[in-house]
Amino acid sequence: MTARAPEHGPAATLDRLGAVVIAALPACMAAANRSSPVVVGLAGLLLLAGAVAAGRPLRALLVAPLATPPGLAALAFLAWCGISLAWSPLPGLSLRTLSEFLPALAGAYLVARLAPPHLAAVAGPAAWILIATCAYVVADLASGLAIREALGQRVAAFAFNRPLLTMMLLVLPLAALLAARGRRGLAALALAVFAVAAWRSVSGATVLGLATGALTFCAVRGLPARAGLGLAGAALLGALVLAPVEGDLLARTMPEALHQRLAASSTRARVAIARSFGAAVAQDPWHGAGYGTSGRFQDVPAAERIEPDLRFMLAVGHPHNTFLQVWAELGIVGAVLAALVLVLTLRGLGRWPALARSTALALLATAGVVAFVEHGAWQAWWTAGVGAAVAWLRTLRPAAHPCALDPARHREDLTTQR
């Protein structure tokens with residue numbers, strides 16, 4: 001355990017500022033929809049400065065977790081990403097992608113490790129910021145984006161997609177934390193207002209992610225720990241294993257009526273993209289094309305060996321499926337390492353209290369289904385948002401423990417890292 005932070009002085013001020021910055025993330029993303037790496041990075045630096053000022057053992061907080069099985073698996077995966085630059089046909093693109101991803105990952109790690117003891121104090125304000133941000137999104141969409149136009153911002157409904165996807169990650173652990181601390185009304189209000197904003201938006205992925213998270217929470221809440229973990233693991237590992245053949249499977253099984261019903265989601269194009277990248281994986285299955293090459297995948301050697309009608313869709317920038325992107329860029333070695341990280345993470349959740357474990361599995365399902373249908377694997381704004389969500393989730397862990405009913409133990413748990 002780490003030493004408890006002092007109640008006053010520079011360290012406490014820095015800790016509070018870091019927590020406030022995290023609480024303000026939804027509003028910052030609504031104002032600038034790529035700002036999460038900056039916001040989370042700033043929060044991480046403030047919290048790091050607070051930890052240094054308080055004399056907390058940074059080795060135990062930041063280094064020791066990397067020596068655990070999940071930490072070593074994650075480091076091995078990152079090492080393979082770096083090694084793959086050796087055979088990348090687009091080294092400039094690979095390095096540029098890595099230079100954007102690594103700082104966001106570092107900020108996310110700092111926040112996830114250092115923020116939890118300080119976030120409970122700002123849970124209420126964070127919920128009201130999220131509610132106000134959702135209300136702004138709904139009002140602006142209802143007005144035909146008049147507010148964005150008046151502010152001189154880009155007038156496009158999809159500009160709210162990244163803020164909503166970020167809030168989608170945050171709202172589940174934040175609401176669970178509020179409920180665990182007896183503020184069920186505020187938790188329900190945050191969930192309800194966010195659901196309205198998601199439904200009113202043009203982001204189908206946000207609606208899908210929220211629905212998947214809610215269904216997963218309800219499903220695993222009443223199951224034994226092992227059954228819930230097994231269910232989540234089977235779904236995530238299944239998505240990873242089947243990713244290279246996803247396009248072919250959907251092309252054969254998805255009925256035309258469903259394509260027509262989901263026309264707004266461009267399902268035909270998504271299936272074609274998945275088929276193209278799946279064909280590329282088949283041409284180079286072992287080590288992949290190299291980290292970050294999806295941005296110009298039509299130029300990699302594997303693309304030259306597939307049929308011309310499939311090659312066209314490789315120019316879209318990424319396969320809109322994180323699992324498939326891992327296969328295409330990092331091959332079977334990268335996929336196996338990613339699977340190992342997932343398995344070890346799920347095993348660690350088995351020791352969590354029921355509420356925290358159910359929320360963690362719901363968050364994994366939410367992030368997993370969006371990663372399966374939406375954006376690129378290394379996007380910095382998403383990485384930073386995941387780090388903030390993990391911080392709220394780790395704040396919930398002691399609050400959800402039965403010992404948290406004891407106020408003295410509750411205060412101790414909120415100010416220690418285990």
# chains A, B, ... in the order shown; residues from 1 in each chain; ligands from 1
$ residues_around --residues "range 278-281 of chain A" --least-positions-apart "4" --cutoff "6 Å" --atoms "only C-alpha atoms" --output "list in words"
Pro244, Val245, Ala274, Pro285, Ala302, Ala303 and Ala328 of chain A
$ closest_atom_pairs --of "range 173-260 of chain A" --to "range 339-348 of chain A" --cutoff "10 Å" --atoms "only C-alpha atoms" --output "CSV"
residue,atom,partner,partner_atom,distance
A:Arg226,CA,A:Arg347,CA,9.2
A:Gly228,CA,A:Leu346,CA,9.9
A:Leu229,CA,A:Leu346,CA,6.3
A:Gly230,CA,A:Leu346,CA,8.6
A:Ala232,CA,A:Leu346,CA,8.3
A:Gly233,CA,A:Val343,CA,7.0
A:Ala234,CA,A:Val343,CA,9.8
A:Leu236,CA,A:Leu342,CA,7.9
A:Leu237,CA,A:Ala339,CA,6.5
A:Gly238,CA,A:Ala339,CA,9.9
A:Leu240,CA,A:Ala339,CA,7.5
A:Val241,CA,A:Ala339,CA,8.8
$ write_last_selection --atoms "N, CA and C atoms" --output "mmCIF file, in the first residue's frame"
data_model
loop_
_atom_site.group_PDB
_atom_site.id
_atom_site.type_symbol
_atom_site.label_atom_id
_atom_site.label_comp_id
_atom_site.auth_asym_id
_atom_site.auth_seq_id
_atom_site.Cartn_x
_atom_site.Cartn_y
_atom_site.Cartn_z
ATOM 1 N N ARG A 226 -17.048 -17.046 -12.045
ATOM 2 C CA ARG A 226 -16.380 -17.807 -13.108
ATOM 3 C C ARG A 226 -17.222 -17.838 -14.376
ATOM 4 N N GLY A 228 -19.493 -15.567 -15.374
ATOM 5 C CA GLY A 228 -19.477 -14.245 -15.996
ATOM 6 C C GLY A 228 -18.183 -13.971 -16.731
ATOM 7 N N LEU A 229 -17.068 -14.338 -16.099
ATOM 8 C CA LEU A 229 -15.767 -14.152 -16.748
ATOM 9 C C LEU A 229 -15.645 -15.026 -17.985
ATOM 10 N N GLY A 230 -16.161 -16.242 -17.900
ATOM 11 C CA GLY A 230 -16.105 -17.136 -19.059
ATOM 12 C C GLY A 230 -16.930 -16.620 -20.220
ATOM 13 N N ALA A 232 -17.730 -13.432 -20.874
ATOM 14 C CA ALA A 232 -17.050 -12.284 -21.467
ATOM 15 C C ALA A 232 -15.811 -12.714 -22.240
ATOM 16 N N GLY A 233 -15.066 -13.649 -21.683
ATOM 17 C CA GLY A 233 -13.867 -14.116 -22.359
ATOM 18 C C GLY A 233 -14.175 -14.802 -23.673
ATOM 19 N N ALA A 234 -15.234 -15.612 -23.685
ATOM 20 C CA ALA A 234 -15.599 -16.300 -24.920
ATOM 21 C C ALA A 234 -15.978 -15.315 -26.008
ATOM 22 N N LEU A 236 -15.039 -12.042 -26.299
ATOM 23 C CA LEU A 236 -13.901 -11.239 -26.748
ATOM 24 C C LEU A 236 -12.903 -12.085 -27.541
ATOM 25 N N LEU A 237 -12.606 -13.269 -27.038
ATOM 26 C CA LEU A 237 -11.663 -14.122 -27.757
ATOM 27 C C LEU A 237 -12.269 -14.619 -29.064
ATOM 28 N N GLY A 238 -13.575 -14.829 -29.065
ATOM 29 C CA GLY A 238 -14.225 -15.215 -30.312
ATOM 30 C C GLY A 238 -14.115 -14.128 -31.361
ATOM 31 N N LEU A 240 -11.763 -11.957 -31.583
ATOM 32 C CA LEU A 240 -10.369 -11.913 -32.028
ATOM 33 C C LEU A 240 -10.047 -13.071 -32.976
ATOM 34 N N VAL A 241 -10.465 -14.257 -32.622
ATOM 35 C CA VAL A 241 -10.140 -15.439 -33.429
ATOM 36 C C VAL A 241 -10.821 -15.380 -34.789
#
$ residues_around --residues "Pro319 in chain A" --least-positions-apart "5" --cutoff "9 Å" --atoms "only C-alpha atoms" --output "list in words"
Arg270, Ile273, Ala274, Ser276, Phe277, Ser294, Met313, Leu314, Leu324, Gln325, Ala328, Val373, Glu374, His375 and Gly376 of chain A
$ write_last_selection --atoms "C-alpha atoms" --output "PDB file, in the first residue's frame"
ATOM      1  CA  ARG A 270     -18.062  -2.628 -43.791  1.00  0.00           C
ATOM      2  CA  ILE A 273     -13.673  -3.775 -45.954  1.00  0.00           C
ATOM      3  CA  ALA A 274     -13.543  -6.793 -43.642  1.00  0.00           C
ATOM      4  CA  SER A 276     -10.406  -7.082 -48.087  1.00  0.00           C
ATOM      5  CA  PHE A 277      -8.362  -6.965 -44.902  1.00  0.00           C
ATOM      6  CA  SER A 294      -3.367   0.325 -42.094  1.00  0.00           C
ATOM      7  CA  MET A 313     -11.244  -1.288 -49.990  1.00  0.00           C
ATOM      8  CA  LEU A 314      -7.779  -1.410 -48.429  1.00  0.00           C
ATOM      9  CA  LEU A 324      -8.767  -7.465 -37.531  1.00  0.00           C
ATOM     10  CA  GLN A 325      -6.273  -4.593 -37.553  1.00  0.00           C
ATOM     11  CA  ALA A 328      -3.355  -7.424 -40.456  1.00  0.00           C
ATOM     12  CA  VAL A 373     -17.278  -2.241 -35.606  1.00  0.00           C
ATOM     13  CA  GLU A 374     -15.853   1.253 -35.443  1.00  0.00           C
ATOM     14  CA  HIS A 375     -12.398   2.826 -35.277  1.00  0.00           C
ATOM     15  CA  GLY A 376      -8.700   2.133 -35.686  1.00  0.00           C
TER      16      GLY A 376
END
$ residues_around --residues "Arg154 in chain A" --least-positions-apart "4" --cutoff "12 Å" --atoms "only C-alpha atoms" --output "PyMOL selection string"
chain A and resi 31-33+145-150+158-160
$ closest_residue --among "A:Ile306, A:Ala179, A:Val271, A:Ala365" --to "Asn321 in chain A" --atoms "only C-alpha atoms"
A:Val271
$ residues_around --residues "range 14-28 of chain A" --least-positions-apart "4" --cutoff "6 Å" --atoms "only C-alpha atoms" --output "list of chain:residue names"
A:Ala43, A:Leu46, A:Leu47, A:Gly50, A:Leu119, A:Ala126, A:Leu130, A:Thr133
$ atom_distance --atom1 "CA of Ala272 in chain A" --atom2 "CA of Glu307 in chain A"
12.7 Å
$ residues_around --residues "Ala187 in chain A" --least-positions-apart "6" --cutoff "9 Å" --atoms "only C-alpha atoms" --output "ChimeraX atom specification"
/A:127,171,174-179
$ write_last_selection --atoms "N, CA and C atoms" --output "JSON list (two decimals), in the first residue's frame"
[["chain", "number", "residue", "atom", "x", "y", "z"],
["A", 127, "ALA", "N", -20.33, 13.72, -12.66],
["A", 127, "ALA", "CA", -21.63, 13.31, -13.20],
["A", 127, "ALA", "C", -22.40, 14.51, -13.74],
["A", 171, "VAL", "N", -19.44, 6.60, -18.49],
["A", 171, "VAL", "CA", -20.70, 6.67, -17.75],
["A", 171, "VAL", "C", -20.97, 5.41, -16.94],
["A", 174, "LEU", "N", -18.68, 5.38, -13.73],
["A", 174, "LEU", "CA", -19.05, 6.53, -12.91],
["A", 174, "LEU", "C", -20.41, 6.31, -12.25],
["A", 175, "ALA", "N", -21.38, 5.82, -13.00],
["A", 175, "ALA", "CA", -22.71, 5.56, -12.43],
["A", 175, "ALA", "C", -22.64, 4.48, -11.36],
["A", 176, "ALA", "N", -21.84, 3.44, -11.61],
["A", 176, "ALA", "CA", -21.71, 2.37, -10.62],
["A", 176, "ALA", "C", -21.07, 2.90, -9.33],
["A", 177, "LEU", "N", -20.08, 3.78, -9.47],
["A", 177, "LEU", "CA", -19.44, 4.37, -8.30],
["A", 177, "LEU", "C", -20.43, 5.20, -7.50],
["A", 178, "LEU", "N", -21.22, 6.02, -8.20],
["A", 178, "LEU", "CA", -22.22, 6.84, -7.51],
["A", 178, "LEU", "C", -23.24, 5.96, -6.79],
["A", 179, "ALA", "N", -23.69, 4.90, -7.45],
["A", 179, "ALA", "CA", -24.66, 4.00, -6.83],
["A", 179, "ALA", "C", -24.06, 3.32, -5.60]]
$ atom_distance --atom1 "CA of Arg56 in chain A" --atom2 "CA of Ala112 in chain A"
15.9 Å
$ atom_distance --atom1 "CA of Ala269 in chain A" --atom2 "CA of Ala205 in chain A"
15.6 Å
$ select_by_dssp --residues "range 366-404 of chain A" --states "helix (DSSP H, G or I)" --output "PyMOL selection string"
chain A and resi 366-373+380-399+402-404
$ closest_residue --among "A:Ala53, A:Val369, A:Val193, A:Ala354" --to "Gly209 in chain A" --atoms "only C-alpha atoms"
A:Val369
$ decode --residues "range 154-300 of chain A" --atoms "C-alpha atoms" --output "compact mmCIF listing (two decimals), in the first residue's frame"
# COMPACT_ATOMS: atom_id res chain seq x y z
CA ARG A 154 -17.49 22.52 -37.96
CA VAL A 155 -21.20 22.04 -38.62
CA ALA A 156 -21.50 18.26 -38.83
CA ALA A 157 -23.57 15.97 -36.62
CA PHE A 158 -20.83 13.33 -36.58
CA ALA A 159 -18.54 15.81 -34.81
CA PHE A 160 -20.22 14.66 -31.58
CA ASN A 161 -19.41 10.99 -32.18
CA ARG A 162 -16.03 11.02 -30.42
CA PRO A 163 -17.33 12.92 -27.35
CA LEU A 164 -20.25 10.50 -27.07
CA LEU A 165 -18.03 7.44 -27.45
CA THR A 166 -15.74 8.81 -24.76
CA MET A 167 -18.68 9.44 -22.42
CA MET A 168 -19.95 5.95 -23.23
CA LEU A 169 -16.74 4.60 -21.67
CA LEU A 170 -17.02 6.84 -18.61
CA VAL A 171 -20.70 6.67 -17.75
CA LEU A 172 -20.88 3.01 -16.68
CA PRO A 173 -18.09 3.02 -14.04
CA LEU A 174 -19.05 6.53 -12.91
CA ALA A 175 -22.71 5.56 -12.43
CA ALA A 176 -21.71 2.37 -10.62
CA LEU A 177 -19.44 4.37 -8.30
CA LEU A 178 -22.22 6.84 -7.51
CA ALA A 179 -24.66 4.00 -6.83
CA ALA A 180 -22.14 2.26 -4.56
CA ARG A 181 -21.80 5.48 -2.57
CA GLY A 182 -25.55 5.83 -2.14
CA ARG A 183 -26.22 8.38 -4.89
CA ARG A 184 -28.48 6.19 -6.99
CA GLY A 185 -30.65 9.05 -8.22
CA LEU A 186 -27.71 10.91 -9.72
CA ALA A 187 -26.37 7.66 -11.20
CA ALA A 188 -29.72 6.94 -12.87
CA LEU A 189 -29.98 10.51 -14.15
CA ALA A 190 -26.50 10.35 -15.71
CA LEU A 191 -27.32 7.07 -17.45
CA ALA A 192 -30.71 8.30 -18.65
CA VAL A 193 -29.45 11.61 -20.02
CA PHE A 194 -26.55 9.91 -21.75
CA ALA A 195 -28.90 7.34 -23.28
CA VAL A 196 -31.02 10.18 -24.70
CA ALA A 197 -27.94 11.89 -26.15
CA ALA A 198 -26.71 8.63 -27.69
CA TRP A 199 -30.10 7.87 -29.22
CA ARG A 200 -30.45 11.41 -30.57
CA SER A 201 -26.98 11.32 -32.16
CA VAL A 202 -25.87 9.82 -35.44
CA SER A 203 -23.42 7.51 -33.68
CA GLY A 204 -24.80 4.00 -34.03
CA ALA A 205 -21.66 2.67 -32.36
CA THR A 206 -22.47 4.63 -29.20
CA VAL A 207 -25.96 3.16 -29.02
CA LEU A 208 -24.59 -0.32 -29.70
CA GLY A 209 -21.87 0.07 -27.08
CA LEU A 210 -24.22 1.35 -24.38
CA ALA A 211 -26.78 -1.38 -25.07
CA THR A 212 -24.08 -4.08 -25.03
CA GLY A 213 -22.65 -2.78 -21.76
CA ALA A 214 -26.07 -2.63 -20.10
CA LEU A 215 -27.01 -6.13 -21.27
CA THR A 216 -23.65 -7.52 -20.17
CA PHE A 217 -23.96 -5.95 -16.72
CA CYS A 218 -27.44 -7.43 -16.25
CA ALA A 219 -26.32 -10.83 -17.55
CA VAL A 220 -23.20 -11.24 -15.43
CA ARG A 221 -24.59 -9.59 -12.27
CA GLY A 222 -26.61 -12.67 -11.46
CA LEU A 223 -23.99 -15.21 -12.51
CA PRO A 224 -21.18 -16.77 -10.48
CA ALA A 225 -17.87 -15.00 -11.02
CA ARG A 226 -16.38 -17.81 -13.11
CA ALA A 227 -19.41 -18.01 -15.40
CA GLY A 228 -19.48 -14.24 -16.00
CA LEU A 229 -15.77 -14.15 -16.75
CA GLY A 230 -16.10 -17.14 -19.06
CA LEU A 231 -18.97 -15.53 -20.95
CA ALA A 232 -17.05 -12.28 -21.47
CA GLY A 233 -13.87 -14.12 -22.36
CA ALA A 234 -15.60 -16.30 -24.92
CA ALA A 235 -17.13 -13.26 -26.62
CA LEU A 236 -13.90 -11.24 -26.75
CA LEU A 237 -11.66 -14.12 -27.76
CA GLY A 238 -14.23 -15.22 -30.31
CA ALA A 239 -14.17 -11.76 -31.87
CA LEU A 240 -10.37 -11.91 -32.03
CA VAL A 241 -10.14 -15.44 -33.43
CA LEU A 242 -12.84 -14.92 -36.06
CA ALA A 243 -11.67 -11.46 -37.15
CA PRO A 244 -9.74 -12.63 -40.26
CA VAL A 245 -12.82 -14.45 -41.62
CA GLU A 246 -15.42 -11.96 -40.37
CA GLY A 247 -15.98 -10.46 -43.81
CA ASP A 248 -16.50 -13.81 -45.54
CA LEU A 249 -18.83 -15.02 -42.79
CA LEU A 250 -20.96 -11.89 -42.95
CA ALA A 251 -21.03 -11.92 -46.75
CA ARG A 252 -22.46 -15.44 -46.69
CA THR A 253 -24.86 -15.12 -43.77
CA MET A 254 -26.08 -11.50 -43.58
CA PRO A 255 -29.46 -11.23 -45.36
CA GLU A 256 -30.18 -8.45 -47.82
CA ALA A 257 -33.13 -7.25 -45.72
CA LEU A 258 -30.78 -6.60 -42.81
CA HIS A 259 -28.42 -4.63 -45.05
CA GLN A 260 -31.34 -2.46 -46.15
CA ARG A 261 -32.49 -1.92 -42.58
CA LEU A 262 -28.98 -0.88 -41.53
CA ALA A 263 -28.26 1.20 -44.61
CA ALA A 264 -27.30 4.22 -42.48
CA SER A 265 -24.51 2.15 -40.92
CA SER A 266 -22.95 1.32 -44.32
CA THR A 267 -23.00 -2.39 -43.58
CA ARG A 268 -22.24 -3.39 -47.18
CA ALA A 269 -19.10 -1.28 -47.19
CA ARG A 270 -18.06 -2.63 -43.79
CA VAL A 271 -18.43 -6.20 -44.97
CA ALA A 272 -16.39 -5.41 -48.08
CA ILE A 273 -13.67 -3.77 -45.95
CA ALA A 274 -13.54 -6.79 -43.64
CA ARG A 275 -13.26 -9.15 -46.64
CA SER A 276 -10.41 -7.08 -48.09
CA PHE A 277 -8.36 -6.97 -44.90
CA GLY A 278 -9.14 -10.61 -44.20
CA ALA A 279 -7.75 -11.52 -47.61
CA ALA A 280 -4.63 -9.50 -46.83
CA VAL A 281 -4.20 -11.36 -43.54
CA ALA A 282 -4.33 -14.65 -45.45
CA GLN A 283 -1.44 -13.47 -47.63
CA ASP A 284 0.79 -12.64 -44.65
CA PRO A 285 -0.60 -14.39 -41.56
CA TRP A 286 2.50 -14.84 -39.41
CA HIS A 287 3.99 -11.44 -38.65
CA GLY A 288 1.65 -9.06 -40.48
CA ALA A 289 2.48 -6.01 -42.55
CA GLY A 290 3.90 -4.00 -39.66
CA TYR A 291 2.58 -1.69 -36.98
CA GLY A 292 0.53 1.29 -38.16
CA THR A 293 0.44 0.34 -41.83
CA SER A 294 -3.37 0.32 -42.09
CA GLY A 295 -3.33 4.00 -43.01
CA ARG A 296 -1.95 3.04 -46.45
CA PHE A 297 -2.52 -0.68 -46.50
CA GLN A 298 -3.07 -0.69 -50.25
CA ASP A 299 0.69 -0.07 -50.58
CA VAL A 300 1.94 -3.03 -48.52
